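> The structure follows.
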Amino acid sequence: MAPMPTKDQVLQALRGVVDPELGGDVVELGMIPDVTVSEDGVVTVGIALTIAECPMRSQIEQDTMRKVGAIPGVRDVRVETRAMTKTQRAEVMTTARLKARENAEPTLVNPLTRVIAVGSGKGGVGKSSASVNLALAIADLGHRVGLLDADIWGFSVPRMLGTEERLEADEDRIIVPVVAQGIKLVSTGLIVESEETALMWRGLMLSKALEQFLKQVAWGDLDYLVIDMPPGTGDIQMALSRLLPQAEMVVVTTPQKAAQKVAIRVADMARRSFMPVIGVLENMSGFECGHGEVYHLFGQGGGDDLAQSLGVPLIGRIPVDEHIVSGGDRGTPVVRAYPDNLSAQAFVTAARRITELVPPAQDETCTARVARLLEALDAPADAVPKTVTSLA
Ligand SMILES: Nc1ncnc2c1ncn2[C@@H]1O[C@H](COP(=O)(O)OP(=O)(O)OP(=O)(O)O)[C@@H](O)[C@H]1O
Ligand SMILES: [Mg+2]
């Protein structure tokens, strides 16, 4: 059994819960008046919201449940939400304003952007194919999507999206993502001349590359940033959780039961680094032949098993489809080239599931309105807008 979670661990996890409008996490903004951890691993988190009927309320509550629930040893999370007093509200706004002035934003990824890292414990299970097709499917649902190929040396996304464009930097040395098939893309494959020259860079900038891709790329206002993770559970994974505390993970696995050990390793790492697992995506599930018969080429049940042991949903099963292979080689991803294929439909279903589990952040929030209200109250009386009373 995992050891009892500490209060510090809970506060650390809560630093991953961001109030996007105020540009800070709920801890630094002073929105967490109390945290208690009971002996049987039940964590109670008190959250003080600017207004009780805050439209952000369910998002903040759900993020809190997910992030705190991901700490090993936590059996249950209870969230007690209450409204701030007027004085507390003013304090929070002061903190938020100070923060905004400090411009403490460490990356160029908008805090409103939901970050979905696609990982696995082992190579070749279909992370890149899934990242590309999920990113396109999420974009087709009407969201603004970016795709970061964090597989610095083993990049494969540019080929899969069929782009040979090159990344360029503007006069401030800020990199402008390439737009491929409607999504913003950044990959070392868009910098280096060939896969051979990429090898020469090995070791030179591995640790820095991800950081640069997050700090020097003009990602703009994205709803989702999908990150294709390299195989394994190493540096890049830890760096990601440090740089983007809001990152959450989709674990890709095969239906084969023996593959579970590795996948569990990733999930463990995700938990240690406070990166919650949103769900499991099983790839290379049954192959359906033209006659409707299904062959389980790579085993059966692995996705369900893993999802169950992690206590997260299975967000989809992607069948074996030769068009995933050929589409990846030719730059014609299956969700776009063969939308009627079972695999394409499975990707669309999984994408929809992801957007349900991690809905796009709302940008017009109660806190924004309260901020404007307080701003207005600071202003001379005759400058207070007429709508003020209806905001309270
Ligand atoms: N559902 C599928 N049906 C058939 N082939 C698939 C499927 N998913 C992935 N593949 C193929 O399996 C191979 C590995 O897939 P992919 O490159 O996406 O895996 P990966 O996990 O990103 O690998 P790496 O760990 O090397 O980054 C590719 O040739 C891809 O086309
Ligand atoms: Mg890959």
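Quick note on naming: the chains in the structure tokens go A, B, ... in the order shown, residues restart at 1 in each chain, and ligands are numbered from 1 in order of appearance.
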List all protein, DNA and RNA residues that have at least one atom no more than 7 Å from any atom of ligand 1, counting only C-alpha atoms and all ligand atoms, and write them as a list in words.
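The distance check yields Lys122, Gly123, Gly124, Val125, Gly126, Lys127, Ser128, Ser129, Ala130, Asp151, Gly154, Ser156, Pro230, Pro231, Asn283, Met284, Ser285, Ile318, Pro319, Val320, Asp321, Glu322, Ile324, Val325, Ser326, Gly328 and Ser343 of chain A.
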> What's the 9 Å shell around Leu210 (chain A), counting only C-alpha atoms, without same-chain residues fewer than 6 positions away, as a VMD selection string?
chain A and resid 150 152 236 239 to 240
> Using DSSP assignments from the backbone, pull out every residue in region 2-113 of chain A that falls under strand (DSSP E) and give it to me as a tab-separated table (two decimals) with N, CA and C atoms, in the first residue's frame.

```
chain	number	residue	atom	x	y	z
A	18	VAL	N	-5.07	25.46	-12.14
A	18	VAL	CA	-4.84	26.84	-12.51
A	18	VAL	C	-6.17	27.57	-12.67
A	19	ASP	N	-6.21	28.78	-12.14
A	19	ASP	CA	-7.33	29.63	-12.49
A	19	ASP	C	-6.86	30.43	-13.70
A	24	GLY	N	-2.87	32.21	-12.44
A	24	GLY	CA	-2.08	31.63	-11.36
A	24	GLY	C	-2.71	30.35	-10.87
A	25	ASP	N	-1.97	29.61	-10.05
A	25	ASP	CA	-2.58	28.39	-9.51
A	25	ASP	C	-3.33	28.74	-8.24
A	34	ASP	N	-8.03	25.61	3.41
A	34	ASP	CA	-7.64	24.49	4.24
A	34	ASP	C	-7.60	23.16	3.49
A	35	VAL	N	-6.67	22.31	3.96
A	35	VAL	CA	-6.51	20.96	3.42
A	35	VAL	C	-6.38	20.03	4.61
A	36	THR	N	-7.19	18.96	4.61
A	36	THR	CA	-6.97	17.97	5.66
A	36	THR	C	-6.84	16.59	5.02
A	37	VAL	N	-5.97	15.78	5.63
A	37	VAL	CA	-5.77	14.42	5.16
A	37	VAL	C	-6.12	13.48	6.31
A	42	VAL	N	-8.33	9.91	2.98
A	42	VAL	CA	-9.35	10.79	2.39
A	42	VAL	C	-8.88	12.24	2.53
A	43	VAL	N	-8.79	12.92	1.40
A	43	VAL	CA	-8.32	14.30	1.42
A	43	VAL	C	-9.50	15.25	1.26
A	44	THR	N	-9.60	16.21	2.14
A	44	THR	CA	-10.64	17.23	2.01
A	44	THR	C	-9.97	18.56	1.68
A	45	VAL	N	-10.39	19.13	0.56
A	45	VAL	CA	-9.80	20.38	0.12
A	45	VAL	C	-10.87	21.47	0.17
A	46	GLY	N	-10.59	22.52	0.90
A	46	GLY	CA	-11.49	23.68	0.91
A	46	GLY	C	-11.06	24.63	-0.19
A	47	ILE	N	-12.00	25.04	-0.99
A	47	ILE	CA	-11.69	25.98	-2.06
A	47	ILE	C	-12.55	27.23	-1.90
A	48	ALA	N	-11.90	28.37	-1.88
A	48	ALA	CA	-12.65	29.61	-1.79
A	48	ALA	C	-12.71	30.23	-3.17
A	49	LEU	N	-13.93	30.32	-3.70
A	49	LEU	CA	-14.10	30.90	-5.03
A	49	LEU	C	-14.50	32.36	-4.89
A	76	ASP	N	-9.78	8.97	-1.52
A	76	ASP	CA	-10.94	9.74	-1.95
A	76	ASP	C	-10.63	11.23	-1.78
A	77	VAL	N	-11.26	12.03	-2.61
A	77	VAL	CA	-11.06	13.48	-2.50
A	77	VAL	C	-12.41	14.14	-2.30
A	78	ARG	N	-12.51	14.97	-1.29
A	78	ARG	CA	-13.74	15.74	-1.10
A	78	ARG	C	-13.41	17.21	-1.25
A	79	VAL	N	-14.23	17.86	-2.02
A	79	VAL	CA	-13.99	19.28	-2.26
A	79	VAL	C	-15.10	20.08	-1.59
A	80	GLU	N	-14.72	21.02	-0.76
A	80	GLU	CA	-15.71	21.88	-0.13
A	80	GLU	C	-15.53	23.29	-0.66
A	81	THR	N	-16.48	23.69	-1.46
A	81	THR	CA	-16.36	24.99	-2.10
A	81	THR	C	-17.16	26.03	-1.33
A	82	ARG	N	-16.59	27.19	-1.17
A	82	ARG	CA	-17.34	28.27	-0.54
A	82	ARG	C	-16.99	29.58	-1.22
A	83	ALA	N	-17.78	30.58	-0.94
A	83	ALA	CA	-17.53	31.88	-1.56
A	83	ALA	C	-16.62	32.71	-0.67
```
> Mind giving me the straight-line distance from CA of Val250 (chain A) to CA of Gly292 (chain A) in Å, one decimal?
29.3 Å
> Show which residues sit within 12 Å of His323 (chain A), as a compact mmCIF listing (two decimals) with C-alpha atoms, in the first residue's frame. Count only C-alpha atoms, and ignore same-chain residues fewer than 3 positions away.

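This went into selection31.txt:
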```txt
# COMPACT_ATOMS: atom_id res chain seq x y z
CA SER A 129 -0.14 7.65 -34.86
CA ASN A 133 -5.06 11.35 -35.50
CA MET A 160 2.78 11.57 -40.71
CA PRO A 319 -8.46 -1.46 -34.41
CA VAL A 320 -5.57 -2.64 -36.55
CA SER A 326 0.26 3.77 -45.14
CA GLY A 327 -1.32 7.05 -44.04
CA GLY A 328 1.58 7.60 -41.64
CA ASP A 329 4.10 7.01 -44.41
CA ARG A 330 2.33 9.18 -46.97
CA GLY A 331 1.22 12.03 -44.77
CA THR A 332 -2.47 11.17 -45.13
CA PRO A 333 -3.71 10.37 -41.60
CA VAL A 334 -6.57 7.93 -41.52
CA VAL A 335 -9.07 10.29 -39.83
CA ARG A 336 -8.81 12.60 -42.84
CA ALA A 337 -8.08 10.15 -45.67
CA TYR A 338 -10.46 7.33 -44.67
CA PRO A 339 -13.00 8.87 -42.30
CA ASP A 340 -15.35 5.90 -42.76
CA ASN A 341 -12.81 3.36 -41.58
CA LEU A 342 -13.46 1.81 -38.19
CA SER A 343 -10.09 3.03 -36.97
CA ALA A 344 -10.85 6.63 -38.01
```
> Which one of A:Ile227, A:Leu222, A:Ile264, A:Val27 sits closest to ligand 2 if you count only C-alpha atoms and all ligand atoms?
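Nearest to ligand 2: A:Ile227.
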> Nearest to ligand 2 among A:Pro360, A:Gly182, A:Gly302, A:Pro158, with distances taken over only C-alpha atoms and all ligand atoms: which residue is it?
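Of A:Pro360, A:Gly182, A:Gly302, A:Pro158, the one nearest ligand 2, counting only C-alpha atoms and all ligand atoms, is A:Pro158.
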> Out of A:Ala139, A:Leu148, A:Met275, A:Met84, which residue has the shortest atom-to-atom distance to Val68 (chain A) when counting only C-alpha atoms?
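For Val68 (chain A), the nearest of the candidates is A:Met275.
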> Name all residues at most 6 Å from Val217 (chain A) (count only C-alpha atoms; drop same-chain ones fewer than 4 positions away) and give them as a list in words.
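Using only C-alpha atoms, the neighbours found are Ile174, Ile175, Val176 and Phe213 of chain A.
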> Kindly save the residues from that selection, with C-alpha atoms included, as a PDB file, in the first residue's frame.

```pdb
ATOM      1  CA  ILE A 174      10.321  33.430 -31.334  1.00  0.00           C
ATOM      2  CA  ILE A 175       9.575  30.335 -33.391  1.00  0.00           C
ATOM      3  CA  VAL A 176       6.400  30.309 -35.443  1.00  0.00           C
ATOM      4  CA  PHE A 213       9.668  24.343 -27.743  1.00  0.00           C
TER       5      PHE A 213
END
```
> Mind listing the helix (DSSP H, G or I) residues of region 134-370 of chain A, per DSSP on the backbone, as a compact mmCIF listing (two decimals) with N, CA and C atoms, in the first residue's frame?

```
# COMPACT_ATOMS: atom_id res chain seq x y z
N LEU A 134 -5.58 11.90 -33.18
CA LEU A 134 -6.40 12.54 -32.14
C LEU A 134 -6.37 14.05 -32.30
N ALA A 135 -5.17 14.60 -32.58
CA ALA A 135 -5.07 16.05 -32.74
C ALA A 135 -5.98 16.52 -33.89
N LEU A 136 -5.94 15.81 -35.00
CA LEU A 136 -6.78 16.19 -36.13
C LEU A 136 -8.26 16.03 -35.78
N ALA A 137 -8.59 14.93 -35.10
CA ALA A 137 -10.00 14.70 -34.75
C ALA A 137 -10.49 15.76 -33.77
N ILE A 138 -9.65 16.16 -32.82
CA ILE A 138 -10.06 17.22 -31.88
C ILE A 138 -10.26 18.53 -32.64
N ALA A 139 -9.38 18.79 -33.61
CA ALA A 139 -9.52 20.01 -34.43
C ALA A 139 -10.82 19.94 -35.23
N ASP A 140 -11.15 18.76 -35.74
CA ASP A 140 -12.38 18.61 -36.52
C ASP A 140 -13.63 18.81 -35.66
N VAL A 157 6.30 12.88 -36.57
CA VAL A 157 5.05 13.60 -36.86
C VAL A 157 5.06 14.36 -38.20
N PRO A 158 6.17 15.04 -38.55
CA PRO A 158 6.13 15.76 -39.83
C PRO A 158 5.80 14.84 -41.02
N ARG A 159 6.40 13.66 -41.03
CA ARG A 159 6.11 12.71 -42.11
C ARG A 159 4.64 12.29 -42.05
N MET A 160 4.18 12.02 -40.85
CA MET A 160 2.78 11.57 -40.71
C MET A 160 1.79 12.63 -41.17
N LEU A 161 2.17 13.92 -41.00
CA LEU A 161 1.27 14.99 -41.45
C LEU A 161 1.63 15.48 -42.84
N THR A 188 11.41 18.68 -34.05
CA THR A 188 12.80 18.84 -34.51
C THR A 188 12.89 18.45 -35.97
N GLY A 189 11.97 17.61 -36.43
CA GLY A 189 11.96 17.23 -37.84
C GLY A 189 11.73 18.41 -38.77
N LEU A 190 11.28 19.54 -38.23
CA LEU A 190 11.04 20.72 -39.05
C LEU A 190 12.23 21.68 -38.98
N GLU A 195 17.06 12.94 -41.12
CA GLU A 195 17.07 12.17 -39.89
C GLU A 195 18.51 11.87 -39.45
N GLU A 196 19.45 11.91 -40.41
CA GLU A 196 20.86 11.67 -40.06
C GLU A 196 21.44 12.85 -39.29
N THR A 197 21.15 14.06 -39.77
CA THR A 197 21.71 15.22 -39.05
C THR A 197 21.10 15.32 -37.65
N ALA A 198 19.87 14.84 -37.50
CA ALA A 198 19.25 14.87 -36.18
C ALA A 198 20.11 14.09 -35.19
N LEU A 199 20.68 13.00 -35.66
CA LEU A 199 21.49 12.17 -34.78
C LEU A 199 22.70 12.93 -34.26
N MET A 200 23.22 13.85 -35.09
CA MET A 200 24.41 14.60 -34.68
C MET A 200 24.10 15.51 -33.49
N LEU A 206 19.28 17.82 -26.01
CA LEU A 206 18.12 17.01 -25.63
C LEU A 206 17.32 17.63 -24.50
N SER A 207 18.05 17.98 -23.42
CA SER A 207 17.33 18.48 -22.25
C SER A 207 16.73 19.86 -22.51
N LYS A 208 17.34 20.61 -23.41
CA LYS A 208 16.91 21.99 -23.66
C LYS A 208 15.81 22.07 -24.72
N ALA A 209 15.75 21.06 -25.57
CA ALA A 209 14.86 21.17 -26.73
C ALA A 209 13.40 21.36 -26.32
N LEU A 210 12.95 20.53 -25.41
CA LEU A 210 11.55 20.62 -25.00
C LEU A 210 11.27 21.99 -24.40
N GLU A 211 12.23 22.43 -23.56
CA GLU A 211 12.06 23.72 -22.92
C GLU A 211 11.94 24.84 -23.96
N GLN A 212 12.78 24.76 -24.99
CA GLN A 212 12.71 25.77 -26.04
C GLN A 212 11.38 25.72 -26.78
N PHE A 213 10.93 24.49 -27.02
CA PHE A 213 9.67 24.34 -27.74
C PHE A 213 8.49 24.91 -26.95
N LEU A 214 8.65 25.00 -25.64
CA LEU A 214 7.56 25.54 -24.84
C LEU A 214 7.74 27.03 -24.55
N LYS A 215 9.01 27.45 -24.49
CA LYS A 215 9.26 28.84 -24.10
C LYS A 215 9.49 29.77 -25.27
N ASP A 235 13.75 11.75 -18.94
CA ASP A 235 13.90 13.19 -18.72
C ASP A 235 12.76 14.03 -19.29
N ILE A 236 12.38 13.69 -20.51
CA ILE A 236 11.40 14.54 -21.19
C ILE A 236 10.10 14.54 -20.40
N GLN A 237 9.73 13.38 -19.89
CA GLN A 237 8.50 13.28 -19.12
C GLN A 237 8.57 14.14 -17.87
N MET A 238 9.71 14.09 -17.18
CA MET A 238 9.84 14.89 -15.95
C MET A 238 9.89 16.37 -16.29
N ALA A 239 10.60 16.71 -17.36
CA ALA A 239 10.70 18.12 -17.76
C ALA A 239 9.32 18.67 -18.10
N LEU A 240 8.53 17.86 -18.76
CA LEU A 240 7.20 18.33 -19.16
C LEU A 240 6.35 18.69 -17.96
N SER A 241 6.39 17.83 -16.95
CA SER A 241 5.52 18.11 -15.81
C SER A 241 6.03 19.32 -15.03
N ARG A 242 7.33 19.56 -15.10
CA ARG A 242 7.89 20.74 -14.44
C ARG A 242 7.49 22.02 -15.19
N LEU A 243 7.57 21.94 -16.52
CA LEU A 243 7.32 23.14 -17.32
C LEU A 243 5.83 23.44 -17.50
N LYS A 257 -1.72 -8.54 -22.79
CA LYS A 257 -1.67 -8.34 -21.34
C LYS A 257 -0.24 -8.15 -20.83
N ALA A 258 0.72 -8.80 -21.51
CA ALA A 258 2.11 -8.72 -21.03
C ALA A 258 2.66 -7.31 -21.11
N ALA A 259 2.03 -6.46 -21.93
CA ALA A 259 2.56 -5.10 -22.09
C ALA A 259 2.22 -4.20 -20.92
N GLN A 260 1.43 -4.72 -19.98
CA GLN A 260 0.91 -3.85 -18.92
C GLN A 260 1.96 -3.32 -17.96
N LYS A 261 2.98 -4.15 -17.71
CA LYS A 261 4.00 -3.74 -16.75
C LYS A 261 4.60 -2.39 -17.13
N VAL A 262 4.94 -2.27 -18.40
CA VAL A 262 5.55 -1.03 -18.87
C VAL A 262 4.58 0.14 -18.78
N ALA A 263 3.37 -0.13 -19.18
CA ALA A 263 2.39 0.96 -19.16
C ALA A 263 2.15 1.43 -17.74
N ILE A 264 2.16 0.49 -16.81
CA ILE A 264 1.97 0.87 -15.40
C ILE A 264 3.13 1.73 -14.93
N ARG A 265 4.30 1.41 -15.45
CA ARG A 265 5.47 2.22 -15.09
C ARG A 265 5.25 3.69 -15.46
N VAL A 266 4.73 3.92 -16.66
CA VAL A 266 4.46 5.30 -17.09
C VAL A 266 3.43 5.95 -16.18
N ALA A 267 2.40 5.20 -15.91
CA ALA A 267 1.34 5.75 -15.10
C ALA A 267 1.87 6.12 -13.71
N ASP A 268 2.75 5.29 -13.20
CA ASP A 268 3.38 5.57 -11.91
C ASP A 268 4.15 6.87 -11.96
N MET A 269 4.89 6.99 -13.06
CA MET A 269 5.68 8.20 -13.23
C MET A 269 4.76 9.42 -13.31
N ALA A 270 3.69 9.23 -14.05
CA ALA A 270 2.73 10.34 -14.18
C ALA A 270 2.24 10.76 -12.81
N ARG A 271 2.00 9.78 -11.97
CA ARG A 271 1.51 10.12 -10.64
C ARG A 271 2.56 10.81 -9.81
N ARG A 272 3.78 10.31 -9.90
CA ARG A 272 4.83 10.92 -9.10
C ARG A 272 5.07 12.36 -9.52
N GLY A 302 -6.09 -5.96 -22.74
CA GLY A 302 -5.00 -5.18 -22.11
C GLY A 302 -5.43 -3.78 -21.72
N GLY A 303 -6.19 -3.14 -22.60
CA GLY A 303 -6.62 -1.77 -22.33
C GLY A 303 -7.54 -1.70 -21.13
N ASP A 304 -8.52 -2.60 -21.11
CA ASP A 304 -9.45 -2.65 -19.99
C ASP A 304 -8.73 -2.89 -18.68
N ASP A 305 -7.81 -3.87 -18.71
CA ASP A 305 -7.06 -4.20 -17.51
C ASP A 305 -6.32 -3.00 -16.95
N LEU A 306 -5.61 -2.32 -17.86
CA LEU A 306 -4.81 -1.19 -17.41
C LEU A 306 -5.71 -0.07 -16.88
N ALA A 307 -6.78 0.23 -17.64
CA ALA A 307 -7.68 1.29 -17.22
C ALA A 307 -8.22 0.99 -15.83
N GLN A 308 -8.58 -0.27 -15.64
CA GLN A 308 -9.15 -0.65 -14.35
C GLN A 308 -8.12 -0.50 -13.23
N SER A 309 -6.90 -0.96 -13.51
CA SER A 309 -5.92 -0.90 -12.43
C SER A 309 -5.52 0.55 -12.12
N LEU A 310 -5.67 1.43 -13.09
CA LEU A 310 -5.36 2.84 -12.83
C LEU A 310 -6.56 3.61 -12.32
N GLU A 322 -4.48 -1.18 -41.88
CA GLU A 322 -3.29 -0.94 -42.71
C GLU A 322 -3.19 0.53 -43.14
N HIS A 323 -4.35 1.21 -43.17
CA HIS A 323 -4.30 2.61 -43.59
C HIS A 323 -3.69 3.53 -42.55
N ILE A 324 -3.54 3.04 -41.32
CA ILE A 324 -2.81 3.83 -40.33
C ILE A 324 -1.33 3.81 -40.71
N VAL A 325 -0.88 2.65 -41.17
CA VAL A 325 0.53 2.52 -41.56
C VAL A 325 0.80 3.33 -42.83
N SER A 326 0.00 3.08 -43.87
CA SER A 326 0.26 3.77 -45.14
C SER A 326 0.00 5.27 -45.01
N GLY A 327 -1.03 5.63 -44.24
CA GLY A 327 -1.32 7.05 -44.04
C GLY A 327 -0.17 7.75 -43.33
N GLY A 328 0.45 7.03 -42.38
CA GLY A 328 1.58 7.60 -41.64
C GLY A 328 2.77 7.81 -42.57
N ASP A 329 2.96 6.90 -43.49
CA ASP A 329 4.10 7.01 -44.41
C ASP A 329 3.86 8.09 -45.46
N ARG A 330 2.61 8.26 -45.85
CA ARG A 330 2.33 9.18 -46.97
C ARG A 330 1.85 10.55 -46.52
N VAL A 334 -5.35 8.67 -41.23
CA VAL A 334 -6.57 7.93 -41.52
C VAL A 334 -7.84 8.72 -41.21
N VAL A 335 -7.82 9.56 -40.15
CA VAL A 335 -9.07 10.29 -39.83
C VAL A 335 -9.47 11.25 -40.95
N ARG A 336 -8.49 11.70 -41.74
CA ARG A 336 -8.81 12.60 -42.84
C ARG A 336 -8.97 11.84 -44.15
N ALA A 337 -8.09 10.83 -44.37
CA ALA A 337 -8.08 10.15 -45.67
C ALA A 337 -9.17 9.07 -45.76
N LEU A 342 -13.19 2.01 -39.62
CA LEU A 342 -13.46 1.81 -38.19
C LEU A 342 -12.41 2.49 -37.32
N SER A 343 -11.16 2.44 -37.78
CA SER A 343 -10.09 3.03 -36.97
C SER A 343 -10.27 4.55 -36.89
N ALA A 344 -10.64 5.17 -38.02
CA ALA A 344 -10.85 6.63 -38.01
C ALA A 344 -11.99 6.97 -37.06
N GLN A 345 -13.06 6.20 -37.14
CA GLN A 345 -14.20 6.49 -36.27
C GLN A 345 -13.84 6.28 -34.80
N ALA A 346 -12.99 5.27 -34.56
CA ALA A 346 -12.57 5.04 -33.17
C ALA A 346 -11.73 6.22 -32.66
N PHE A 347 -10.91 6.78 -33.54
CA PHE A 347 -10.14 7.96 -33.13
C PHE A 347 -11.07 9.14 -32.83
N VAL A 348 -12.09 9.31 -33.67
CA VAL A 348 -13.01 10.43 -33.45
C VAL A 348 -13.75 10.26 -32.12
N THR A 349 -14.18 9.02 -31.85
CA THR A 349 -14.86 8.75 -30.58
C THR A 349 -13.93 9.04 -29.40
N ALA A 350 -12.69 8.60 -29.52
CA ALA A 350 -11.73 8.82 -28.43
C ALA A 350 -11.47 10.32 -28.26
N ALA A 351 -11.39 11.04 -29.38
CA ALA A 351 -11.15 12.49 -29.31
C ALA A 351 -12.32 13.17 -28.59
N ARG A 352 -13.52 12.73 -28.93
CA ARG A 352 -14.69 13.33 -28.29
C ARG A 352 -14.67 13.05 -26.78
N ARG A 353 -14.28 11.83 -26.45
CA ARG A 353 -14.20 11.43 -25.04
C ARG A 353 -13.19 12.32 -24.29
N ILE A 354 -12.07 12.57 -24.93
CA ILE A 354 -11.04 13.41 -24.31
C ILE A 354 -11.59 14.81 -24.05
N THR A 355 -12.32 15.34 -25.06
CA THR A 355 -12.85 16.69 -24.87
C THR A 355 -13.96 16.72 -23.83
N GLU A 356 -14.56 15.57 -23.56
CA GLU A 356 -15.54 15.52 -22.47
C GLU A 356 -14.84 15.45 -21.12
N LEU A 357 -13.80 14.60 -21.06
CA LEU A 357 -13.08 14.42 -19.79
C LEU A 357 -12.29 15.67 -19.43
N CYS A 366 -15.99 33.94 -14.14
CA CYS A 366 -16.45 34.82 -13.09
C CYS A 366 -15.33 35.69 -12.58
N THR A 367 -14.12 35.10 -12.51
CA THR A 367 -13.02 35.87 -11.96
C THR A 367 -12.68 37.05 -12.85
N ALA A 368 -12.82 36.85 -14.15
CA ALA A 368 -12.56 37.96 -15.06
C ALA A 368 -13.55 39.07 -14.79
N ARG A 369 -14.79 38.65 -14.59
CA ARG A 369 -15.83 39.66 -14.36
C ARG A 369 -15.62 40.36 -13.02
N VAL A 370 -15.20 39.54 -12.01
CA VAL A 370 -14.96 40.17 -10.71
C VAL A 370 -13.79 41.14 -10.81
```
> Skipping near chain neighbours, those fewer than 4 positions away, what residues fall within 12 Å of Glu39 (chain A) using only C-alpha atoms, listed as a compact mmCIF listing (two decimals) with N, CA and C atoms, in the first residue's frame?

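The resulting file, part-v7.txt, is shown below:
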```txt
# COMPACT_ATOMS: atom_id res chain seq x y z
N PRO A 3 2.19 4.91 0.92
CA PRO A 3 2.17 5.63 2.20
C PRO A 3 1.12 6.74 2.19
N MET A 4 0.77 7.17 3.40
CA MET A 4 -0.21 8.26 3.54
C MET A 4 0.26 9.51 2.80
N PRO A 5 -0.61 10.12 2.03
CA PRO A 5 -0.21 11.37 1.37
C PRO A 5 -0.03 12.47 2.42
N THR A 6 0.91 13.37 2.19
CA THR A 6 1.10 14.48 3.12
C THR A 6 0.36 15.72 2.60
N LYS A 7 0.19 16.65 3.49
CA LYS A 7 -0.48 17.89 3.14
C LYS A 7 0.33 18.65 2.07
N VAL A 43 -8.79 12.92 1.40
CA VAL A 43 -8.32 14.30 1.42
C VAL A 43 -9.50 15.25 1.26
N THR A 44 -9.60 16.21 2.14
CA THR A 44 -10.64 17.23 2.01
C THR A 44 -9.97 18.56 1.68
N GLY A 73 -1.79 6.85 -2.65
CA GLY A 73 -2.27 6.75 -1.28
C GLY A 73 -3.56 7.52 -1.03
N VAL A 74 -3.98 8.33 -2.01
CA VAL A 74 -5.24 9.06 -1.82
C VAL A 74 -6.40 8.15 -2.19
N ARG A 75 -7.28 7.93 -1.24
CA ARG A 75 -8.39 7.01 -1.47
C ARG A 75 -9.62 7.75 -2.00
N ASP A 76 -9.78 8.97 -1.52
CA ASP A 76 -10.94 9.74 -1.95
C ASP A 76 -10.63 11.23 -1.78
```
> Separation of CA of Lys67 (chain A) and CA of Gly16 (chain A), in Å?
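Straight-line distance from CA of Lys67 (chain A) to CA of Gly16 (chain A) works out to 7.1 Å.
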> Hey, which of A:Ser187, A:Gln300, A:Ser38, A:Gln12 ends up closest to ligand 2? Count only C-alpha atoms and all ligand atoms.
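Once distances to ligand 2 are computed over only C-alpha atoms and all ligand atoms, the minimum belongs to A:Ser187.
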> To one decimal place in Å, what is the distance between CA of Pro177 (chain A) and CA of Gly146 (chain A)?
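Here the two named atoms are 8.7 Å from each other.
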